[in-house]
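Notes for the one structure printed next.
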Amino acid sequence: MADMIEAKNIIFRYDTDKQSAPVLRDVSLTVQKGSFTAILGHNGSGKSTLAKHINAILLPEEGTVLLDGMDTSNEEHLTAIRQKAGMVFQNPDNQIVATIVEEDVAFAPENLGVPPEEIRKRVDAALKAVKMYEYRNHAPSQLSGGQKQRVAIAGVIAMQPDCIVLDEPTAMLDPQGRQEVMQTIRRLNREKGITIVLITHYMEDAALADRVVVMDDGQIVMDDVPEKVFSQVERMKALGLDVPQVTELMYLLRKSGLSVPQEIITEDACVFALERLLDSREE
């Protein structure tokens, strides 16, 4: 499968003084089209800085970033890159610009010069994709945090991107809002084939991805499927990160001498493992 994102040997400093420590230190990463990648790391690890390189909000000091083959440092590609890779941030209020939901979703396509009839189709389709169509005539101020974030995602979808980068999109939401947004993200990936890059500090959210990349001190230190990454409980904790609660439970049970699987990251798998454990003890 072709690559949507190809980052090669990125070095980046916010301070232009070459004596300061880089925020990204020789980072290389490829992300396949249609995949769902979660990027984890404690505050200051460089994960959000890396995300902002994907659609040229930031440019590398050294190294290159290619988005679907386009070099982000080439200004001629900038408009195409921003259309192809949409960005969703943690505070939806910072992305919502209009006083009516459907007008907000139409904002980006209008700025791109999309014809009015096409905008109408895109707005309706985007709102249906995030299950917010019935709220199209509402004021965003009347919506919950989760609903606002879904409207922000719809605004990106209306640009018809091939890739969506989400930087802590559930950080300001309650559990219900988080669930709504994560269901939306998964559906866009599974049903629409949109490449998803999710920056998060919620391990349960990251567990939904195909792949988990862990950053520390400006470098990638782990990169594998969620089961392989999260089963390394002690290493994750050494990096200042948690693991999904069910993974932690399995870890503690194994430490106490019980024979349970190591690579458990979902509640269903945890229940199944515990049922098998009880059955084996009753025999």
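Residues in the structure tokens are named by chain (A, B, ... in the order shown) and by number from 1 within that chain; ligands are numbered from 1 in the order shown.
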With DSSP run on the backbone, what are the alpha helix (DSSP H) residues within region 16-126 of chain A? I'd like them as JSON, numbers by chain. {"A": [47, 48, 49, 50, 51, 52, 53, 54, 78, 79, 80, 81, 82, 83, 84, 101, 102, 103, 104, 105, 106, 107, 108, 109, 110, 111, 116, 117, 118, 119, 120, 121, 122, 123, 124, 125, 126]}
Export, as a tab-separated table (two decimals), in the first residue's frame, the selected residues with N, CA, C and O atoms.
```tsv
chain	number	residue	atom	x	y	z
A	47	LYS	N	5.15	15.10	20.14
A	47	LYS	CA	4.09	14.50	19.32
A	47	LYS	C	3.24	15.54	18.58
A	47	LYS	O	2.93	15.36	17.40
A	48	SER	N	2.87	16.63	19.26
A	48	SER	CA	2.08	17.67	18.59
A	48	SER	C	2.91	18.42	17.56
A	48	SER	O	2.41	18.81	16.50
A	49	THR	N	4.18	18.60	17.86
A	49	THR	CA	5.08	19.25	16.90
A	49	THR	C	5.19	18.42	15.63
A	49	THR	O	5.15	18.95	14.51
A	50	LEU	N	5.30	17.11	15.79
A	50	LEU	CA	5.34	16.22	14.62
A	50	LEU	C	4.05	16.32	13.83
A	50	LEU	O	4.07	16.41	12.58
A	51	ALA	N	2.91	16.35	14.52
A	51	ALA	CA	1.61	16.44	13.84
A	51	ALA	C	1.52	17.69	12.97
A	51	ALA	O	0.99	17.65	11.85
A	52	LYS	N	2.05	18.79	13.47
A	52	LYS	CA	1.96	20.06	12.74
A	52	LYS	C	2.88	20.10	11.53
A	52	LYS	O	2.77	21.00	10.68
A	53	HIS	N	3.79	19.14	11.42
A	53	HIS	CA	4.62	19.04	10.21
A	53	HIS	C	3.87	18.37	9.06
A	53	HIS	O	4.24	18.52	7.90
A	54	ILE	N	2.82	17.62	9.39
A	54	ILE	CA	2.16	16.81	8.36
A	54	ILE	C	1.45	17.68	7.33
A	54	ILE	O	1.46	17.38	6.14
A	78	LEU	N	1.42	24.06	-1.09
A	78	LEU	CA	0.80	24.35	0.20
A	78	LEU	C	-0.72	24.20	0.19
A	78	LEU	O	-1.30	23.54	1.07
A	79	THR	N	-1.39	24.78	-0.80
A	79	THR	CA	-2.85	24.69	-0.85
A	79	THR	C	-3.31	23.24	-0.99
A	79	THR	O	-4.23	22.79	-0.30
A	80	ALA	N	-2.65	22.50	-1.89
A	80	ALA	CA	-3.01	21.10	-2.10
A	80	ALA	C	-2.78	20.27	-0.84
A	80	ALA	O	-3.58	19.39	-0.49
A	81	ILE	N	-1.69	20.56	-0.12
A	81	ILE	CA	-1.37	19.83	1.12
A	81	ILE	C	-2.43	20.10	2.18
A	81	ILE	O	-2.92	19.18	2.85
A	82	ARG	N	-2.84	21.38	2.33
A	82	ARG	CA	-3.83	21.74	3.35
A	82	ARG	C	-5.20	21.13	3.03
A	82	ARG	O	-5.99	20.86	3.93
A	83	GLN	N	-5.49	20.95	1.74
A	83	GLN	CA	-6.75	20.29	1.35
A	83	GLN	C	-6.68	18.79	1.62
A	83	GLN	O	-7.65	18.17	2.03
A	84	LYS	N	-5.52	18.23	1.36
A	84	LYS	CA	-5.37	16.77	1.46
A	84	LYS	C	-5.26	16.29	2.90
A	84	LYS	O	-5.70	15.19	3.23
A	101	VAL	N	-24.44	26.06	12.41
A	101	VAL	CA	-23.62	24.87	12.19
A	101	VAL	C	-23.29	24.66	10.71
A	101	VAL	O	-22.13	24.49	10.33
A	102	GLU	N	-24.31	24.67	9.83
A	102	GLU	CA	-24.03	24.36	8.43
A	102	GLU	C	-23.18	25.44	7.76
A	102	GLU	O	-22.41	25.15	6.86
A	103	GLU	N	-23.30	26.68	8.23
A	103	GLU	CA	-22.47	27.75	7.68
A	103	GLU	C	-21.00	27.54	8.08
A	103	GLU	O	-20.09	27.84	7.31
A	104	ASP	N	-20.81	27.03	9.29
A	104	ASP	CA	-19.45	26.77	9.73
A	104	ASP	C	-18.79	25.68	8.90
A	104	ASP	O	-17.64	25.79	8.49
A	105	VAL	N	-19.56	24.62	8.62
A	105	VAL	CA	-19.03	23.51	7.83
A	105	VAL	C	-18.74	23.96	6.40
A	105	VAL	O	-17.82	23.46	5.75
A	106	ALA	N	-19.50	24.94	5.92
A	106	ALA	CA	-19.33	25.44	4.55
A	106	ALA	C	-18.14	26.39	4.42
A	106	ALA	O	-17.69	26.68	3.30
A	107	PHE	N	-17.62	26.87	5.54
A	107	PHE	CA	-16.63	27.94	5.51
A	107	PHE	C	-15.39	27.58	4.70
A	107	PHE	O	-14.96	28.33	3.82
A	108	ALA	N	-14.80	26.42	4.98
A	108	ALA	CA	-13.55	26.04	4.28
A	108	ALA	C	-13.77	25.81	2.79
A	108	ALA	O	-13.01	26.32	1.96
A	109	PRO	N	-14.81	25.04	2.38
A	109	PRO	CA	-15.04	24.87	0.94
A	109	PRO	C	-15.27	26.20	0.21
A	109	PRO	O	-14.83	26.37	-0.92
A	110	GLU	N	-15.96	27.13	0.87
A	110	GLU	CA	-16.18	28.45	0.26
A	110	GLU	C	-14.85	29.14	0.01
A	110	GLU	O	-14.62	29.73	-1.05
A	111	ASN	N	-13.95	29.07	1.00
A	111	ASN	CA	-12.63	29.70	0.84
A	111	ASN	C	-11.80	29.03	-0.24
A	111	ASN	O	-10.90	29.67	-0.82
A	116	PRO	N	-21.21	26.70	-5.29
A	116	PRO	CA	-22.26	26.62	-4.27
A	116	PRO	C	-23.03	25.29	-4.23
A	116	PRO	O	-23.30	24.77	-3.16
A	117	GLU	N	-23.38	24.74	-5.42
A	117	GLU	CA	-24.14	23.47	-5.43
A	117	GLU	C	-23.31	22.34	-4.83
A	117	GLU	O	-23.83	21.48	-4.12
A	118	GLU	N	-22.01	22.35	-5.13
A	118	GLU	CA	-21.11	21.33	-4.60
A	118	GLU	C	-20.94	21.51	-3.09
A	118	GLU	O	-20.88	20.53	-2.34
A	119	ILE	N	-20.87	22.77	-2.64
A	119	ILE	CA	-20.75	23.05	-1.21
A	119	ILE	C	-21.95	22.47	-0.46
A	119	ILE	O	-21.80	21.84	0.58
A	120	ARG	N	-23.15	22.67	-1.02
A	120	ARG	CA	-24.36	22.15	-0.38
A	120	ARG	C	-24.28	20.64	-0.19
A	120	ARG	O	-24.58	20.12	0.87
A	121	LYS	N	-23.81	19.96	-1.23
A	121	LYS	CA	-23.68	18.50	-1.16
A	121	LYS	C	-22.65	18.09	-0.11
A	121	LYS	O	-22.87	17.17	0.68
A	122	ARG	N	-21.52	18.79	-0.12
A	122	ARG	CA	-20.44	18.45	0.82
A	122	ARG	C	-20.85	18.69	2.26
A	122	ARG	O	-20.54	17.89	3.15
A	123	VAL	N	-21.53	19.81	2.52
A	123	VAL	CA	-21.95	20.14	3.88
A	123	VAL	C	-22.91	19.08	4.40
A	123	VAL	O	-22.76	18.57	5.52
A	124	ASP	N	-23.91	18.73	3.59
A	124	ASP	CA	-24.89	17.72	4.01
A	124	ASP	C	-24.19	16.38	4.26
A	124	ASP	O	-24.45	15.71	5.27
A	125	ALA	N	-23.30	15.99	3.35
A	125	ALA	CA	-22.62	14.71	3.48
A	125	ALA	C	-21.71	14.70	4.72
A	125	ALA	O	-21.65	13.69	5.45
A	126	ALA	N	-21.01	15.81	4.96
A	126	ALA	CA	-20.10	15.89	6.11
A	126	ALA	C	-20.86	15.81	7.43
A	126	ALA	O	-20.45	15.11	8.36
```
Need to verify the contact set: Ala38 (chain A), 9 Å, only C-alpha atoms, exclusion of same-chain residues closer than 4 positions in sequence. Can you return it as a ChimeraX atom specification? /A:196-200,205-214,226
May I have the residues within 10 Å of Gly69 (chain A) as a PDB file with all heavy atoms, in the first residue's frame, using only C-alpha atoms and disregarding those fewer than 4 positions away in the same chain?
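Produced file result-v5.pdb, reproduced below:
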```pdb
ATOM      1  N   ALA A   2       0.442   2.277  -0.708  1.00  0.00           N
ATOM      2  CA  ALA A   2       1.233   3.504  -0.832  1.00  0.00           C
ATOM      3  C   ALA A   2       1.239   4.285   0.484  1.00  0.00           C
ATOM      4  O   ALA A   2       0.361   4.130   1.328  1.00  0.00           O
ATOM      5  CB  ALA A   2       0.662   4.372  -1.951  1.00  0.00           C
ATOM      6  N   ASP A   3       2.263   5.153   0.625  1.00  0.00           N
ATOM      7  CA  ASP A   3       2.380   5.967   1.831  1.00  0.00           C
ATOM      8  C   ASP A   3       1.634   7.289   1.660  1.00  0.00           C
ATOM      9  O   ASP A   3       1.742   7.951   0.629  1.00  0.00           O
ATOM     10  CB  ASP A   3       3.852   6.269   2.132  1.00  0.00           C
ATOM     11  CG  ASP A   3       4.621   5.022   2.544  1.00  0.00           C
ATOM     12  OD1 ASP A   3       4.004   4.122   3.132  1.00  0.00           O
ATOM     13  OD2 ASP A   3       5.831   4.948   2.264  1.00  0.00           O
ATOM     14  N   MET A   4       0.877   7.678   2.697  1.00  0.00           N
ATOM     15  CA  MET A   4       0.271   9.008   2.728  1.00  0.00           C
ATOM     16  C   MET A   4       1.277  10.019   3.275  1.00  0.00           C
ATOM     17  O   MET A   4       1.391  11.140   2.789  1.00  0.00           O
ATOM     18  CB  MET A   4      -0.985   8.978   3.603  1.00  0.00           C
ATOM     19  CG  MET A   4      -1.637  10.347   3.816  1.00  0.00           C
ATOM     20  SD  MET A   4      -2.142  11.141   2.268  1.00  0.00           S
ATOM     21  CE  MET A   4      -3.497  10.072   1.796  1.00  0.00           C
ATOM     22  N   ILE A   5       2.021   9.589   4.307  1.00  0.00           N
ATOM     23  CA  ILE A   5       2.979  10.481   4.964  1.00  0.00           C
ATOM     24  C   ILE A   5       4.344   9.802   4.996  1.00  0.00           C
ATOM     25  O   ILE A   5       4.452   8.623   5.336  1.00  0.00           O
ATOM     26  CB  ILE A   5       2.538  10.792   6.411  1.00  0.00           C
ATOM     27  CG1 ILE A   5       1.154  11.452   6.426  1.00  0.00           C
ATOM     28  CG2 ILE A   5       3.560  11.681   7.124  1.00  0.00           C
ATOM     29  CD1 ILE A   5       0.431  11.318   7.748  1.00  0.00           C
ATOM     30  N   GLU A   6       5.362  10.557   4.625  1.00  0.00           N
ATOM     31  CA  GLU A   6       6.726  10.046   4.715  1.00  0.00           C
ATOM     32  C   GLU A   6       7.625  11.141   5.283  1.00  0.00           C
ATOM     33  O   GLU A   6       7.921  12.131   4.607  1.00  0.00           O
ATOM     34  CB  GLU A   6       7.232   9.599   3.342  1.00  0.00           C
ATOM     35  CG  GLU A   6       8.581   8.921   3.397  1.00  0.00           C
ATOM     36  CD  GLU A   6       9.054   8.430   2.037  1.00  0.00           C
ATOM     37  OE1 GLU A   6       8.347   8.669   1.035  1.00  0.00           O
ATOM     38  OE2 GLU A   6      10.127   7.815   1.978  1.00  0.00           O
ATOM     39  N   VAL A  65       9.449  16.226   4.769  1.00  0.00           N
ATOM     40  CA  VAL A  65       8.138  15.614   5.011  1.00  0.00           C
ATOM     41  C   VAL A  65       7.395  15.611   3.683  1.00  0.00           C
ATOM     42  O   VAL A  65       7.230  16.657   3.047  1.00  0.00           O
ATOM     43  CB  VAL A  65       7.315  16.389   6.063  1.00  0.00           C
ATOM     44  CG1 VAL A  65       5.956  15.712   6.270  1.00  0.00           C
ATOM     45  CG2 VAL A  65       8.063  16.486   7.380  1.00  0.00           C
ATOM     46  N   ILE A  81      -1.690  20.558  -0.117  1.00  0.00           N
ATOM     47  CA  ILE A  81      -1.373  19.828   1.117  1.00  0.00           C
ATOM     48  C   ILE A  81      -2.429  20.103   2.177  1.00  0.00           C
ATOM     49  O   ILE A  81      -2.917  19.176   2.848  1.00  0.00           O
ATOM     50  CB  ILE A  81       0.038  20.214   1.621  1.00  0.00           C
ATOM     51  CG1 ILE A  81       1.103  19.540   0.745  1.00  0.00           C
ATOM     52  CG2 ILE A  81       0.224  19.846   3.094  1.00  0.00           C
ATOM     53  CD1 ILE A  81       2.503  20.050   0.964  1.00  0.00           C
TER      54      ILE A  81
END
```
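In terms of minimum interatomic distance to Pro161 (chain A), A:Met87 ranks closest within A:Met87, A:Val27, A:Ile185, A:Met203, counting only C-alpha atoms.
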Distance query Leu252 (chain A) at most 12 Å, only C-alpha atoms, self and fewer than 6 positions along chain excluded, as an MDAnalysis selection string: chainID A and resid 231 233:234 245:246 258:262
Save the residues we just selected, N, CA and C atoms, as an mmCIF file, in the first residue's frame?
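Done, and the output landed in result-v8.cif:
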```
data_model
loop_
_atom_site.group_PDB
_atom_site.id
_atom_site.type_symbol
_atom_site.label_atom_id
_atom_site.label_comp_id
_atom_site.auth_asym_id
_atom_site.auth_seq_id
_atom_site.Cartn_x
_atom_site.Cartn_y
_atom_site.Cartn_z
ATOM 1 N N SER A 231 1.358 -4.036 25.937
ATOM 2 C CA SER A 231 1.733 -5.170 26.787
ATOM 3 C C SER A 231 3.069 -4.926 27.495
ATOM 4 N N VAL A 233 4.069 -2.984 29.793
ATOM 5 C CA VAL A 233 3.546 -2.094 30.839
ATOM 6 C C VAL A 233 4.661 -1.345 31.569
ATOM 7 N N GLU A 234 5.695 -2.043 31.972
ATOM 8 C CA GLU A 234 6.746 -1.392 32.752
ATOM 9 C C GLU A 234 7.511 -0.356 31.916
ATOM 10 N N GLN A 245 -6.816 0.363 31.043
ATOM 11 C CA GLN A 245 -7.086 -0.217 32.368
ATOM 12 C C GLN A 245 -7.117 -1.742 32.332
ATOM 13 N N VAL A 246 -7.688 -2.304 31.260
ATOM 14 C CA VAL A 246 -7.767 -3.771 31.193
ATOM 15 C C VAL A 246 -6.376 -4.393 31.035
ATOM 16 N N LEU A 258 -1.219 -15.473 38.340
ATOM 17 C CA LEU A 258 -2.310 -16.069 37.567
ATOM 18 C C LEU A 258 -1.937 -16.148 36.091
ATOM 19 N N SER A 259 -2.423 -17.174 35.429
ATOM 20 C CA SER A 259 -2.096 -17.386 34.016
ATOM 21 C C SER A 259 -3.148 -16.713 33.137
ATOM 22 N N VAL A 260 -2.885 -15.474 32.778
ATOM 23 C CA VAL A 260 -3.779 -14.733 31.876
ATOM 24 C C VAL A 260 -2.951 -14.178 30.721
ATOM 25 N N PRO A 261 -3.583 -13.939 29.569
ATOM 26 C CA PRO A 261 -2.837 -13.441 28.405
ATOM 27 C C PRO A 261 -2.208 -12.071 28.673
ATOM 28 N N GLN A 262 -1.161 -11.798 27.939
ATOM 29 C CA GLN A 262 -0.440 -10.535 28.106
ATOM 30 C C GLN A 262 -1.012 -9.428 27.226
#
```
Residue contacts of Ala21 (chain A) (12 Å, only C-alpha atoms) excluding same-chain residues fewer than 6 positions away, as JSON, numbers by chain: {"A": [11, 12, 13, 14, 15, 46, 217, 218]}
Same residues, N, CA, C and O atoms, output as a CSV table (one decimal), in the first residue's frame:
```csv
chain,number,residue,atom,x,y,z
A,11,ILE,N,14.6,17.2,11.9
A,11,ILE,CA,15.1,17.9,13.0
A,11,ILE,C,14.3,19.3,13.1
A,11,ILE,O,14.2,19.9,12.0
A,12,PHE,N,13.8,19.7,14.3
A,12,PHE,CA,13.1,20.9,14.4
A,12,PHE,C,13.3,21.5,15.8
A,12,PHE,O,13.3,20.9,16.8
A,13,ARG,N,13.5,22.9,15.7
A,13,ARG,CA,13.6,23.7,16.9
A,13,ARG,C,12.6,24.8,16.8
A,13,ARG,O,12.5,25.4,15.7
A,14,TYR,N,12.0,25.2,17.9
A,14,TYR,CA,11.1,26.4,17.9
A,14,TYR,C,12.0,27.6,18.0
A,14,TYR,O,11.8,28.7,17.4
A,15,ASP,N,13.1,27.5,18.8
A,15,ASP,CA,14.1,28.5,18.9
A,15,ASP,C,15.1,28.4,17.7
A,15,ASP,O,15.6,27.3,17.5
A,46,GLY,N,7.2,15.9,21.8
A,46,GLY,CA,7.3,16.2,20.4
A,46,GLY,C,6.1,15.8,19.5
A,46,GLY,O,6.1,16.0,18.3
A,217,ASP,N,11.2,12.6,24.3
A,217,ASP,CA,12.3,13.4,24.1
A,217,ASP,C,12.6,13.7,22.6
A,217,ASP,O,13.8,13.6,22.2
A,218,GLY,N,11.6,13.9,21.9
A,218,GLY,CA,11.8,14.2,20.5
A,218,GLY,C,12.1,13.1,19.5
A,218,GLY,O,12.5,13.3,18.4
```
As a list in words, list the residues of region 100-260 of chain A assigned to strand (DSSP E or B) by DSSP on the backbone atoms of this structure. Cys163, Ile164, Val165, Leu166, Asp167, Thr195, Ile196, Val197, Leu198, Ile199, Arg211, Val212, Val213, Val214, Met215, Asp216, Gln219, Ile220, Val221, Met222, Asp223 and Asp224 of chain A
Let me see the file: selected residues, N, CA, C and O atoms, as a PDB file, in the first residue's frame.
```pdb
ATOM      1  N   CYS A 163      -6.604  12.650   4.408  1.00  0.00           N
ATOM      2  CA  CYS A 163      -5.960  12.404   5.696  1.00  0.00           C
ATOM      3  C   CYS A 163      -6.484  13.428   6.704  1.00  0.00           C
ATOM      4  O   CYS A 163      -6.663  14.604   6.356  1.00  0.00           O
ATOM      5  N   ILE A 164      -6.764  12.979   7.926  1.00  0.00           N
ATOM      6  CA  ILE A 164      -7.141  13.903   8.988  1.00  0.00           C
ATOM      7  C   ILE A 164      -6.189  13.685  10.162  1.00  0.00           C
ATOM      8  O   ILE A 164      -5.996  12.566  10.629  1.00  0.00           O
ATOM      9  N   VAL A 165      -5.574  14.783  10.601  1.00  0.00           N
ATOM     10  CA  VAL A 165      -4.683  14.766  11.756  1.00  0.00           C
ATOM     11  C   VAL A 165      -5.435  15.388  12.925  1.00  0.00           C
ATOM     12  O   VAL A 165      -5.918  16.520  12.820  1.00  0.00           O
ATOM     13  N   LEU A 166      -5.559  14.650  14.012  1.00  0.00           N
ATOM     14  CA  LEU A 166      -6.322  15.130  15.170  1.00  0.00           C
ATOM     15  C   LEU A 166      -5.393  15.249  16.370  1.00  0.00           C
ATOM     16  O   LEU A 166      -4.804  14.256  16.805  1.00  0.00           O
ATOM     17  N   ASP A 167      -5.236  16.486  16.854  1.00  0.00           N
ATOM     18  CA  ASP A 167      -4.310  16.747  17.954  1.00  0.00           C
ATOM     19  C   ASP A 167      -5.093  16.881  19.256  1.00  0.00           C
ATOM     20  O   ASP A 167      -5.703  17.901  19.528  1.00  0.00           O
ATOM     21  N   THR A 195      -7.221   8.379   5.946  1.00  0.00           N
ATOM     22  CA  THR A 195      -6.053   8.128   6.792  1.00  0.00           C
ATOM     23  C   THR A 195      -6.178   8.968   8.058  1.00  0.00           C
ATOM     24  O   THR A 195      -6.407  10.179   7.981  1.00  0.00           O
ATOM     25  N   ILE A 196      -6.043   8.323   9.212  1.00  0.00           N
ATOM     26  CA  ILE A 196      -6.177   9.026  10.484  1.00  0.00           C
ATOM     27  C   ILE A 196      -4.854   9.006  11.235  1.00  0.00           C
ATOM     28  O   ILE A 196      -4.214   7.959  11.382  1.00  0.00           O
ATOM     29  N   VAL A 197      -4.443  10.197  11.699  1.00  0.00           N
ATOM     30  CA  VAL A 197      -3.318  10.308  12.632  1.00  0.00           C
ATOM     31  C   VAL A 197      -3.872  10.976  13.884  1.00  0.00           C
ATOM     32  O   VAL A 197      -4.314  12.126  13.838  1.00  0.00           O
ATOM     33  N   LEU A 198      -3.886  10.239  14.979  1.00  0.00           N
ATOM     34  CA  LEU A 198      -4.486  10.713  16.228  1.00  0.00           C
ATOM     35  C   LEU A 198      -3.413  10.938  17.285  1.00  0.00           C
ATOM     36  O   LEU A 198      -2.709  10.002  17.671  1.00  0.00           O
ATOM     37  N   ILE A 199      -3.283  12.191  17.735  1.00  0.00           N
ATOM     38  CA  ILE A 199      -2.409  12.503  18.865  1.00  0.00           C
ATOM     39  C   ILE A 199      -3.292  12.471  20.111  1.00  0.00           C
ATOM     40  O   ILE A 199      -4.310  13.159  20.165  1.00  0.00           O
ATOM     41  N   ARG A 211      -2.138   1.062  14.773  1.00  0.00           N
ATOM     42  CA  ARG A 211      -0.705   1.174  15.068  1.00  0.00           C
ATOM     43  C   ARG A 211      -0.516   2.258  16.115  1.00  0.00           C
ATOM     44  O   ARG A 211      -1.217   3.279  16.094  1.00  0.00           O
ATOM     45  N   VAL A 212       0.406   2.037  17.033  1.00  0.00           N
ATOM     46  CA  VAL A 212       0.707   3.021  18.068  1.00  0.00           C
ATOM     47  C   VAL A 212       2.188   3.393  17.976  1.00  0.00           C
ATOM     48  O   VAL A 212       3.055   2.519  17.986  1.00  0.00           O
ATOM     49  N   VAL A 213       2.440   4.696  17.879  1.00  0.00           N
ATOM     50  CA  VAL A 213       3.796   5.237  17.866  1.00  0.00           C
ATOM     51  C   VAL A 213       3.987   5.992  19.176  1.00  0.00           C
ATOM     52  O   VAL A 213       3.158   6.835  19.534  1.00  0.00           O
ATOM     53  N   VAL A 214       5.052   5.687  19.891  1.00  0.00           N
ATOM     54  CA  VAL A 214       5.324   6.353  21.174  1.00  0.00           C
ATOM     55  C   VAL A 214       6.554   7.234  21.025  1.00  0.00           C
ATOM     56  O   VAL A 214       7.592   6.785  20.521  1.00  0.00           O
ATOM     57  N   MET A 215       6.428   8.495  21.463  1.00  0.00           N
ATOM     58  CA  MET A 215       7.541   9.440  21.387  1.00  0.00           C
ATOM     59  C   MET A 215       8.037   9.798  22.775  1.00  0.00           C
ATOM     60  O   MET A 215       7.271   9.831  23.743  1.00  0.00           O
ATOM     61  N   ASP A 216       9.321  10.071  22.852  1.00  0.00           N
ATOM     62  CA  ASP A 216       9.937  10.521  24.099  1.00  0.00           C
ATOM     63  C   ASP A 216      11.142  11.375  23.747  1.00  0.00           C
ATOM     64  O   ASP A 216      11.978  10.964  22.933  1.00  0.00           O
ATOM     65  N   GLN A 219      11.989  11.861  20.022  1.00  0.00           N
ATOM     66  CA  GLN A 219      12.312  10.703  19.191  1.00  0.00           C
ATOM     67  C   GLN A 219      11.222   9.647  19.291  1.00  0.00           C
ATOM     68  O   GLN A 219      10.489   9.583  20.281  1.00  0.00           O
ATOM     69  N   ILE A 220      11.125   8.803  18.274  1.00  0.00           N
ATOM     70  CA  ILE A 220      10.215   7.662  18.315  1.00  0.00           C
ATOM     71  C   ILE A 220      10.918   6.521  19.034  1.00  0.00           C
ATOM     72  O   ILE A 220      12.005   6.095  18.620  1.00  0.00           O
ATOM     73  N   VAL A 221      10.294   6.040  20.111  1.00  0.00           N
ATOM     74  CA  VAL A 221      10.946   4.993  20.907  1.00  0.00           C
ATOM     75  C   VAL A 221      10.197   3.662  20.840  1.00  0.00           C
ATOM     76  O   VAL A 221      10.757   2.620  21.189  1.00  0.00           O
ATOM     77  N   MET A 222       8.937   3.679  20.411  1.00  0.00           N
ATOM     78  CA  MET A 222       8.165   2.450  20.224  1.00  0.00           C
ATOM     79  C   MET A 222       7.254   2.640  19.020  1.00  0.00           C
ATOM     80  O   MET A 222       6.744   3.734  18.790  1.00  0.00           O
ATOM     81  N   ASP A 223       7.035   1.565  18.270  1.00  0.00           N
ATOM     82  CA  ASP A 223       6.203   1.644  17.066  1.00  0.00           C
ATOM     83  C   ASP A 223       5.746   0.237  16.713  1.00  0.00           C
ATOM     84  O   ASP A 223       6.523  -0.572  16.213  1.00  0.00           O
ATOM     85  N   ASP A 224       4.465  -0.068  17.006  1.00  0.00           N
ATOM     86  CA  ASP A 224       3.967  -1.422  16.759  1.00  0.00           C
ATOM     87  C   ASP A 224       2.444  -1.405  16.852  1.00  0.00           C
ATOM     88  O   ASP A 224       1.834  -0.356  17.081  1.00  0.00           O
TER      89      ASP A 224
END
```
With a distance cut-off of 9 Å and only C-alpha atoms, select the neighbouring residues of region 269-276 of chain A, excluding the residue or stretch itself and same-chain residues fewer than 4 positions from it, and output the selection as a list in words.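 Contacts, with the query itself left out: Val246, Thr247, Leu249, Met250, Val260, Pro261, Ile264, Ile265, Ser280 and Arg281 of chain A.
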Counting only C-alpha atoms, what is within 12 Å of Met132 (chain A), bar same-chain residues fewer than 4 positions away, as a list in words? Val101, Glu102, Val105, Val123, Asp124, Ala125, Ala126, Leu127, Lys128, Arg136, Asn137, His138, Pro140, Leu143, Ser144, Gly146, Gln147, Lys148, Gln149, Arg150, Val151, Ala152, Ile153, Ala154, Gly155, Glu180, Val181 and Thr184 of chain A
What separation in Å, quoted to one decimal, exists between CA of Thr37 (chain A) and CA of Leu188 (chain A)? 13.3 Å
Rank nothing, just name the residue among A:Ala139, A:Leu40, A:Ala56, A:Met159 nearest to Gly113 (chain A), using only C-alpha atoms.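 Smallest separation from Gly113 (chain A) among the options: A:Met159.
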Just how far from CA of Ala158 (chain A) is CA of Asp174 (chain A), in Å to one decimal?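 CA of Ala158 (chain A) lies 25.7 Å from CA of Asp174 (chain A).
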Atomic separation - CA of Glu204 (chain A) relative to CA of Lys255 (chain A), Å: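 Pair CA of Lys255 (chain A) / CA of Glu204 (chain A) returns 22.0 Å.
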